[in-house]
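Engineer: The structure file my_file-v6.pdb (PDB, C-alpha atoms) is provided below.
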```pdb
ATOM      1  CA  MET A   1      10.942  97.100 -20.179  1.00  0.00           C
ATOM      2  CA  ILE A   2      13.879  99.499 -19.712  1.00  0.00           C
ATOM      3  CA  LEU A   3      13.287 103.266 -19.859  1.00  0.00           C
ATOM      4  CA  ARG A   4      16.097 105.174 -21.597  1.00  0.00           C
ATOM      5  CA  GLU A   5      16.428 108.933 -22.039  1.00  0.00           C
ATOM      6  CA  ILE A   6      17.580 110.410 -25.369  1.00  0.00           C
ATOM      7  CA  GLU A   7      17.706 114.080 -26.371  1.00  0.00           C
ATOM      8  CA  GLY A   8      15.221 115.165 -23.735  1.00  0.00           C
ATOM      9  CA  GLY A   9      12.764 112.400 -24.576  1.00  0.00           C
ATOM     10  CA  SER A  10      12.397 108.787 -23.585  1.00  0.00           C
ATOM     11  CA  TYR A  11      11.771 105.462 -25.265  1.00  0.00           C
ATOM     12  CA  ASN A  12      11.243 101.927 -24.173  1.00  0.00           C
ATOM     13  CA  VAL A  13      13.838  99.219 -24.864  1.00  0.00           C
ATOM     14  CA  PRO A  14      12.691  95.603 -24.445  1.00  0.00           C
ATOM     15  CA  LYS A  15      14.799  93.294 -22.355  1.00  0.00           C
ATOM     16  CA  ILE A  16      15.989  90.975 -25.106  1.00  0.00           C
ATOM     17  CA  ARG A  17      17.632  88.678 -22.602  1.00  0.00           C
ATOM     18  CA  HIS A  18      14.189  87.956 -21.153  1.00  0.00           C
ATOM     19  CA  ALA A  19      12.854  86.942 -24.580  1.00  0.00           C
ATOM     20  CA  PHE A  20      15.803  84.660 -25.332  1.00  0.00           C
ATOM     21  CA  PRO A  21      14.615  81.726 -23.172  1.00  0.00           C
ATOM     22  CA  PHE A  22      11.277  81.785 -25.002  1.00  0.00           C
ATOM     23  CA  ALA A  23      13.064  81.753 -28.360  1.00  0.00           C
ATOM     24  CA  VAL A  24      15.008  78.705 -27.268  1.00  0.00           C
ATOM     25  CA  ALA A  25      12.106  76.964 -25.581  1.00  0.00           C
ATOM     26  CA  SER A  26       9.684  77.326 -28.504  1.00  0.00           C
ATOM     27  CA  PRO A  27      11.432  74.951 -30.947  1.00  0.00           C
ATOM     28  CA  VAL A  28      12.109  72.536 -28.079  1.00  0.00           C
ATOM     29  CA  PHE A  29       8.416  72.557 -27.208  1.00  0.00           C
ATOM     30  CA  VAL A  30       7.479  72.001 -30.868  1.00  0.00           C
ATOM     31  CA  ARG A  31       9.845  69.034 -31.114  1.00  0.00           C
ATOM     32  CA  PHE A  32       8.485  67.586 -27.877  1.00  0.00           C
ATOM     33  CA  THR A  33       4.913  67.975 -29.172  1.00  0.00           C
ATOM     34  CA  LEU A  34       5.796  66.186 -32.404  1.00  0.00           C
ATOM     35  CA  PHE A  35       7.549  63.446 -30.449  1.00  0.00           C
ATOM     36  CA  LEU A  36       4.477  63.046 -28.224  1.00  0.00           C
ATOM     37  CA  GLN A  37       2.235  62.794 -31.289  1.00  0.00           C
ATOM     38  CA  LEU A  38       4.495  60.090 -32.698  1.00  0.00           C
ATOM     39  CA  LEU A  39       4.359  58.119 -29.439  1.00  0.00           C
ATOM     40  CA  LEU A  40       0.556  58.278 -29.460  1.00  0.00           C
ATOM     41  CA  TYR A  41       0.476  57.120 -33.082  1.00  0.00           C
ATOM     42  CA  LEU A  42       2.837  54.173 -32.667  1.00  0.00           C
ATOM     43  CA  ASN A  43       2.145  50.712 -31.317  1.00  0.00           C
ATOM     44  CA  PRO A  44       4.094  50.110 -28.046  1.00  0.00           C
ATOM     45  CA  LEU A  45       5.923  47.217 -29.702  1.00  0.00           C
ATOM     46  CA  VAL A  46       6.996  49.556 -32.503  1.00  0.00           C
ATOM     47  CA  ILE A  47       8.452  51.935 -29.936  1.00  0.00           C
ATOM     48  CA  MET A  48      10.433  49.070 -28.390  1.00  0.00           C
ATOM     49  CA  VAL A  49      11.779  47.922 -31.771  1.00  0.00           C
ATOM     50  CA  VAL A  50      12.694  51.460 -32.855  1.00  0.00           C
ATOM     51  CA  TRP A  51      14.350  52.161 -29.497  1.00  0.00           C
ATOM     52  CA  PHE A  52      16.343  48.939 -29.802  1.00  0.00           C
ATOM     53  CA  CYS A  53      17.464  49.891 -33.320  1.00  0.00           C
ATOM     54  CA  ILE A  54      18.522  53.363 -32.161  1.00  0.00           C
ATOM     55  CA  LEU A  55      20.458  51.831 -29.272  1.00  0.00           C
ATOM     56  CA  LEU A  56      22.297  49.480 -31.629  1.00  0.00           C
ATOM     57  CA  PHE A  57      23.057  52.324 -34.034  1.00  0.00           C
ATOM     58  CA  VAL A  58      24.495  54.522 -31.273  1.00  0.00           C
ATOM     59  CA  SER A  59      26.579  51.610 -29.946  1.00  0.00           C
ATOM     60  CA  PHE A  60      27.856  50.850 -33.438  1.00  0.00           C
ATOM     61  CA  ALA A  61      28.775  54.497 -34.055  1.00  0.00           C
ATOM     62  CA  ASP A  62      30.590  54.666 -30.708  1.00  0.00           C
ATOM     63  CA  LEU A  63      32.664  51.584 -31.532  1.00  0.00           C
ATOM     64  CA  TYR A  64      33.400  52.820 -35.045  1.00  0.00           C
ATOM     65  CA  PHE A  65      34.666  56.257 -34.041  1.00  0.00           C
ATOM     66  CA  ARG A  66      36.723  54.793 -31.177  1.00  0.00           C
ATOM     67  CA  GLY A  67      38.342  52.386 -33.617  1.00  0.00           C
ATOM     68  CA  GLU A  68      37.197  49.246 -31.808  1.00  0.00           C
ATOM     69  CA  THR A  69      35.952  45.921 -33.155  1.00  0.00           C
ATOM     70  CA  VAL A  70      33.509  43.649 -31.372  1.00  0.00           C
ATOM     71  CA  MET A  71      33.575  39.903 -32.017  1.00  0.00           C
ATOM     72  CA  ILE A  72      30.071  38.419 -31.824  1.00  0.00           C
ATOM     73  CA  PRO A  73      29.139  34.719 -31.855  1.00  0.00           C
ATOM     74  CA  ARG A  74      27.419  33.919 -35.122  1.00  0.00           C
ATOM     75  CA  LEU A  75      24.735  32.006 -33.229  1.00  0.00           C
ATOM     76  CA  LEU A  76      23.920  35.121 -31.171  1.00  0.00           C
ATOM     77  CA  TRP A  77      23.613  37.194 -34.362  1.00  0.00           C
ATOM     78  CA  GLN A  78      21.234  34.621 -35.868  1.00  0.00           C
ATOM     79  CA  ALA A  79      19.149  34.409 -32.687  1.00  0.00           C
ATOM     80  CA  ALA A  80      18.881  38.197 -32.509  1.00  0.00           C
ATOM     81  CA  LEU A  81      17.697  38.354 -36.111  1.00  0.00           C
ATOM     82  CA  ILE A  82      15.075  35.655 -35.487  1.00  0.00           C
ATOM     83  CA  CYS A  83      13.684  37.607 -32.514  1.00  0.00           C
ATOM     84  CA  TYR A  84      13.778  40.794 -34.573  1.00  0.00           C
ATOM     85  CA  SER A  85      11.917  39.100 -37.449  1.00  0.00           C
ATOM     86  CA  LEU A  86       9.234  37.760 -35.099  1.00  0.00           C
ATOM     87  CA  SER A  87       8.678  41.215 -33.631  1.00  0.00           C
ATOM     88  CA  LEU A  88       8.204  42.650 -37.144  1.00  0.00           C
ATOM     89  CA  LEU A  89       5.718  39.894 -38.018  1.00  0.00           C
ATOM     90  CA  VAL A  90       3.733  40.760 -34.906  1.00  0.00           C
ATOM     91  CA  LEU A  91       3.681  44.400 -35.998  1.00  0.00           C
ATOM     92  CA  LEU A  92       2.528  43.461 -39.492  1.00  0.00           C
ATOM     93  CA  PHE A  93      -0.192  40.952 -38.636  1.00  0.00           C
ATOM     94  CA  PHE A  94      -1.399  41.819 -35.141  1.00  0.00           C
ATOM     95  CA  ARG A  95      -2.386  45.447 -35.480  1.00  0.00           C
ATOM     96  CA  PRO A  96      -4.516  47.305 -32.916  1.00  0.00           C
ATOM     97  CA  LYS A  97      -8.268  47.102 -33.457  1.00  0.00           C
ATOM     98  CA  GLY A  98      -9.893  49.855 -35.459  1.00  0.00           C
ATOM     99  CA  GLN A  99      -7.291  50.065 -38.222  1.00  0.00           C
ATOM    100  CA  ILE A 100      -8.860  50.060 -41.696  1.00  0.00           C
ATOM    101  CA  TYR A 101      -7.611  47.503 -44.208  1.00  0.00           C
ATOM    102  CA  SER A 102      -6.526  48.954 -47.561  1.00  0.00           C
ATOM    103  CA  TYR A 103      -4.499  48.029 -50.605  1.00  0.00           C
ATOM    104  CA  ASN A 104      -2.589  49.799 -53.357  1.00  0.00           C
ATOM    105  CA  LEU A 105      -1.212  48.236 -56.538  1.00  0.00           C
ATOM    106  CA  ILE A 106      -0.040  51.442 -58.245  1.00  0.00           C
ATOM    107  CA  PRO A 107       3.752  51.881 -57.852  1.00  0.00           C
ATOM    108  CA  PHE A 108       4.934  55.092 -56.153  1.00  0.00           C
ATOM    109  CA  SER A 109       1.429  56.464 -55.549  1.00  0.00           C
ATOM    110  CA  THR A 110       1.663  56.077 -51.757  1.00  0.00           C
ATOM    111  CA  ILE A 111       5.259  57.334 -51.695  1.00  0.00           C
ATOM    112  CA  LEU A 112       4.309  60.429 -53.701  1.00  0.00           C
ATOM    113  CA  SER A 113       1.337  61.096 -51.425  1.00  0.00           C
ATOM    114  CA  TYR A 114       3.708  61.017 -48.440  1.00  0.00           C
ATOM    115  CA  LEU A 115       6.192  63.355 -50.129  1.00  0.00           C
ATOM    116  CA  SER A 116       3.498  65.783 -51.320  1.00  0.00           C
ATOM    117  CA  ASN A 117       2.277  66.482 -47.774  1.00  0.00           C
ATOM    118  CA  GLU A 118      -1.180  65.044 -48.471  1.00  0.00           C
ATOM    119  CA  MET A 119      -0.945  63.294 -45.090  1.00  0.00           C
ATOM    120  CA  ASN A 120       0.320  64.298 -41.659  1.00  0.00           C
ATOM    121  CA  GLY A 121       4.032  65.057 -42.004  1.00  0.00           C
ATOM    122  CA  LEU A 122       5.022  63.064 -38.947  1.00  0.00           C
ATOM    123  CA  VAL A 123       3.072  59.998 -40.085  1.00  0.00           C
ATOM    124  CA  SER A 124       4.558  60.298 -43.582  1.00  0.00           C
ATOM    125  CA  PHE A 125       8.101  60.511 -42.222  1.00  0.00           C
ATOM    126  CA  TYR A 126       7.578  57.511 -39.954  1.00  0.00           C
ATOM    127  CA  ASN A 127       6.076  55.302 -42.666  1.00  0.00           C
ATOM    128  CA  LEU A 128       8.807  56.125 -45.179  1.00  0.00           C
ATOM    129  CA  SER A 129      11.740  55.807 -42.782  1.00  0.00           C
ATOM    130  CA  ALA A 130      10.405  52.733 -40.957  1.00  0.00           C
ATOM    131  CA  ASN A 131       9.742  50.752 -44.130  1.00  0.00           C
ATOM    132  CA  VAL A 132      13.314  51.419 -45.236  1.00  0.00           C
ATOM    133  CA  GLY A 133      15.219  51.420 -41.949  1.00  0.00           C
ATOM    134  CA  LEU A 134      13.644  48.359 -40.335  1.00  0.00           C
ATOM    135  CA  PHE A 135      14.739  46.143 -43.238  1.00  0.00           C
ATOM    136  CA  ILE A 136      18.406  47.168 -43.285  1.00  0.00           C
ATOM    137  CA  PRO A 137      19.355  44.292 -40.890  1.00  0.00           C
ATOM    138  CA  PHE A 138      18.115  41.722 -43.419  1.00  0.00           C
ATOM    139  CA  GLY A 139      20.524  43.023 -46.036  1.00  0.00           C
ATOM    140  CA  LEU A 140      23.339  42.813 -43.496  1.00  0.00           C
ATOM    141  CA  TYR A 141      22.344  39.280 -42.536  1.00  0.00           C
ATOM    142  CA  LEU A 142      22.141  37.969 -46.089  1.00  0.00           C
ATOM    143  CA  LEU A 143      25.731  39.044 -46.764  1.00  0.00           C
ATOM    144  CA  SER A 144      26.966  37.791 -43.390  1.00  0.00           C
ATOM    145  CA  ARG A 145      25.972  34.170 -43.989  1.00  0.00           C
ATOM    146  CA  ASP A 146      28.691  31.516 -44.210  1.00  0.00           C
ATOM    147  CA  GLY A 147      30.022  30.676 -47.637  1.00  0.00           C
ATOM    148  CA  LYS A 148      30.592  32.813 -50.698  1.00  0.00           C
ATOM    149  CA  GLU A 149      28.717  36.031 -51.335  1.00  0.00           C
ATOM    150  CA  PRO A 150      25.336  35.429 -53.051  1.00  0.00           C
ATOM    151  CA  SER A 151      24.948  36.401 -56.686  1.00  0.00           C
ATOM    152  CA  ALA A 152      23.175  39.607 -57.713  1.00  0.00           C
ATOM    153  CA  LEU A 153      20.125  37.569 -58.727  1.00  0.00           C
ATOM    154  CA  ARG A 154      19.891  35.871 -55.334  1.00  0.00           C
ATOM    155  CA  LYS A 155      20.428  39.197 -53.565  1.00  0.00           C
ATOM    156  CA  PHE A 156      17.308  40.387 -55.339  1.00  0.00           C
ATOM    157  CA  LEU A 157      15.171  37.241 -55.302  1.00  0.00           C
ATOM    158  CA  TYR A 158      15.560  36.254 -51.628  1.00  0.00           C
ATOM    159  CA  PRO A 159      14.188  39.484 -50.144  1.00  0.00           C
ATOM    160  CA  PHE A 160      11.760  40.074 -53.020  1.00  0.00           C
ATOM    161  CA  ILE A 161      10.065  36.689 -52.619  1.00  0.00           C
ATOM    162  CA  THR A 162       9.991  36.958 -48.816  1.00  0.00           C
ATOM    163  CA  ILE A 163       8.573  40.490 -48.713  1.00  0.00           C
ATOM    164  CA  SER A 164       6.086  39.726 -51.502  1.00  0.00           C
ATOM    165  CA  GLY A 165       4.911  36.700 -49.522  1.00  0.00           C
ATOM    166  CA  ILE A 166       4.340  38.893 -46.469  1.00  0.00           C
ATOM    167  CA  GLU A 167       2.373  41.436 -48.505  1.00  0.00           C
ATOM    168  CA  ILE A 168       0.239  38.679 -50.079  1.00  0.00           C
ATOM    169  CA  CYS A 169      -0.468  37.200 -46.633  1.00  0.00           C
ATOM    170  CA  GLN A 170      -1.655  40.624 -45.509  1.00  0.00           C
ATOM    171  CA  LEU A 171      -4.047  40.610 -48.461  1.00  0.00           C
ATOM    172  CA  VAL A 172      -5.310  37.074 -47.761  1.00  0.00           C
ATOM    173  CA  PHE A 173      -5.748  37.552 -44.007  1.00  0.00           C
ATOM    174  CA  ARG A 174      -6.738  41.238 -44.358  1.00  0.00           C
ATOM    175  CA  ARG A 175      -4.173  42.371 -41.836  1.00  0.00           C
ATOM    176  CA  GLY A 176      -2.491  45.733 -42.189  1.00  0.00           C
ATOM    177  CA  SER A 177      -2.417  46.800 -45.830  1.00  0.00           C
ATOM    178  CA  LEU A 178      -1.187  45.425 -49.127  1.00  0.00           C
ATOM    179  CA  ASP A 179       0.857  48.148 -50.792  1.00  0.00           C
ATOM    180  CA  VAL A 180       3.299  47.747 -53.657  1.00  0.00           C
ATOM    181  CA  ASP A 181       5.103  50.832 -52.354  1.00  0.00           C
ATOM    182  CA  ASP A 182       5.800  48.990 -49.100  1.00  0.00           C
ATOM    183  CA  LEU A 183       7.542  46.337 -51.188  1.00  0.00           C
ATOM    184  CA  ILE A 184       9.610  49.017 -52.947  1.00  0.00           C
ATOM    185  CA  LEU A 185      10.604  50.733 -49.694  1.00  0.00           C
ATOM    186  CA  LYS A 186      11.482  47.486 -47.934  1.00  0.00           C
ATOM    187  CA  MET A 187      13.602  46.369 -50.884  1.00  0.00           C
ATOM    188  CA  MET A 188      15.384  49.734 -50.658  1.00  0.00           C
ATOM    189  CA  GLY A 189      16.086  48.970 -47.001  1.00  0.00           C
ATOM    190  CA  VAL A 190      17.574  45.570 -47.859  1.00  0.00           C
ATOM    191  CA  TYR A 191      19.797  47.092 -50.550  1.00  0.00           C
ATOM    192  CA  LEU A 192      20.859  49.826 -48.146  1.00  0.00           C
ATOM    193  CA  GLY A 193      21.930  46.991 -45.844  1.00  0.00           C
ATOM    194  CA  TYR A 194      24.032  45.597 -48.703  1.00  0.00           C
ATOM    195  CA  ALA A 195      25.667  49.008 -49.173  1.00  0.00           C
ATOM    196  CA  LEU A 196      26.389  49.388 -45.444  1.00  0.00           C
ATOM    197  CA  TYR A 197      27.818  45.877 -45.042  1.00  0.00           C
ATOM    198  CA  PRO A 198      31.506  46.881 -45.523  1.00  0.00           C
ATOM    199  CA  LEU A 199      31.069  49.509 -42.812  1.00  0.00           C
ATOM    200  CA  PHE A 200      29.277  46.961 -40.633  1.00  0.00           C
ATOM    201  CA  THR A 201      32.095  44.406 -40.925  1.00  0.00           C
ATOM    202  CA  SER A 202      34.672  47.056 -40.028  1.00  0.00           C
ATOM    203  CA  VAL A 203      33.191  46.986 -36.514  1.00  0.00           C
ATOM    204  CA  VAL A 204      31.513  43.578 -36.172  1.00  0.00           C
ATOM    205  CA  VAL A 205      33.375  40.291 -36.646  1.00  0.00           C
ATOM    206  CA  PHE A 206      31.558  36.969 -36.372  1.00  0.00           C
ATOM    207  CA  ARG A 207      33.070  33.978 -34.647  1.00  0.00           C
ATOM    208  CA  SER A 208      32.112  30.999 -32.524  1.00  0.00           C
ATOM    209  CA  GLY A 209      32.186  31.483 -28.738  1.00  0.00           C
ATOM    210  CA  LYS A 210      31.529  34.504 -26.525  1.00  0.00           C
ATOM    211  CA  SER A 211      31.494  38.156 -27.549  1.00  0.00           C
ATOM    212  CA  LYS A 212      34.810  39.970 -27.342  1.00  0.00           C
ATOM    213  CA  ARG A 213      35.890  43.564 -27.970  1.00  0.00           C
ATOM    214  CA  VAL A 214      39.262  44.359 -29.510  1.00  0.00           C
ATOM    215  CA  GLN A 215      41.038  47.467 -30.729  1.00  0.00           C
ATOM    216  CA  ARG A 216      40.829  47.962 -34.469  1.00  0.00           C
ATOM    217  CA  GLN A 217      44.176  48.332 -36.233  1.00  0.00           C
TER     218      GLN A 217
END
```
Show the structure stored in the file as structure tokens.

Structural biologist:
Amino acid sequence: MILREIEGGSYNVPKIRHAFPFAVASPVFVRFTLFLQLLLYLNPLVIMVVWFCILLFVSFADLYFRGETVMIPRLLWQAALICYSLSLLVLLFFRPKGQIYSYNLIPFSTILSYLSNEMNGLVSFYNLSANVGLFIPFGLYLLSRDGKEPSALRKFLYPFITISGIEICQLVFRRGSLDVDDLILKMMGVYLGYALYPLFTSVVVFRSGKSKRVQRQ
């Protein structure tokens, strides 16, 4: 504290500069605590997949804003998607022990429970964003296949049948949870991939051979 004199008296003035580091550190500490809670909640494989997705996103953004285009062998793109799909299947069907099986057949009930803060906010955010974000690559892949662009019906049926099959398998084998809202969120992710495809192709060009980076015109 600083002692100041005024009109024959005195008063104490706090050293604001000493409080400033605490004001800055508090939100940082809160964010770190939330991040630590998320790490404890997630499966290690989930952390690897999410980290890989973040790395790809940052790399893509860097290339986009620098005006560069990367040419990727189509076979490499297909192999990467196969590995990515297998990792998601492991996450869906080989959960850690102790998780309770559940199911929900009422549309939007789980989504609304997440949005209404009935559950932990961090868990709600992860489940909503992961179900959408992790399925964006499948929308990109479906449009990147050789040949003409699939019809609107096929754009809907291909992911719908595949995701529904996964959800039904979870019901049959009692792995994870069968939730119609998961189907809705994952379909949203696929359609978000469709919407992002023009932006994706402005950076990524598929060809046969090795990867190559060129300057975008």

Engineer: Could you state the separation of atom CA of A:Phe57 and atom CA of A:Phe125 in Å, given to one decimal place?

Structural biologist: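 Interatomic distance here is 18.9 Å.
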
Engineer: Calculate how many Å separate atom CA of A:Leu199 from atom CA of A:Tyr64, rounding to one decimal.

Structural biologist: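 If I compute the distance from atom CA of A:Leu199 to atom CA of A:Tyr64, I get 8.8 Å.
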
Engineer: Once the PyMOL selection byres ((chain A and resi 165-175) around 12) has been evaluated on this model, what residues remain selected, and can you format them as a ChimeraX atom specification?

Structural biologist: /A:85,88-105,157-164,176-184,186

Engineer: Work out how far atom CA of A:Gly189 is from atom CA of A:Gly133, in Å to one decimal.

Structural biologist: 5.7 Å

Engineer: Run the PyMOL selection byres ((chain A and resi 132) around 7) against the file shown and list the residues it catches, as a VMD selection string.

Structural biologist: chain A and resid 128 to 131 133 to 136 185 to 186 188 to 189

Engineer: Of the residues A:Leu81, A:Leu143, A:Leu153, A:Val46, which is the one nearest to A:Pro198, using all atoms listed in the file?

Structural biologist: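 Smallest separation from A:Pro198 among the options: A:Leu143.
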
Engineer: Write out as number ranges by chain each polymer residue whose atoms come within 12 Å of A:Ser59, counting all atoms listed in the file; drop sequence neighbours fewer than 2 positions from it.

Structural biologist: A: 52-57, 61-66, 68-70, 200, 203-204

Engineer: With 4 Å of padding per side, what axis-aligned box (centre and edge lengths, Å, one decimal) covers all the listed atoms of stretch 186-192 of chain A? Give it as lines of an AutoDock Vina configuration file.

Structural biologist:
```
center_x = 16.2
center_y = 47.7
center_z = -48.9
size_x = 17.4
size_y = 12.3
size_z = 11.9
```

Engineer: With distances taken over all atoms listed in the file, which residue among A:Leu142, A:Ile106, A:Leu86, A:Ile47 lies nearest A:Gly193?

Structural biologist: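 The answer is A:Leu142, which sits nearest to A:Gly193.
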
Engineer: Expanded to explicit residues, what is the PyMOL selection byres ((chain A and resi 145) around 12) for this file, as a VMD selection string?

Structural biologist: chain A and resid 74 to 75 77 to 78 138 to 144 146 to 150 197 206 to 207
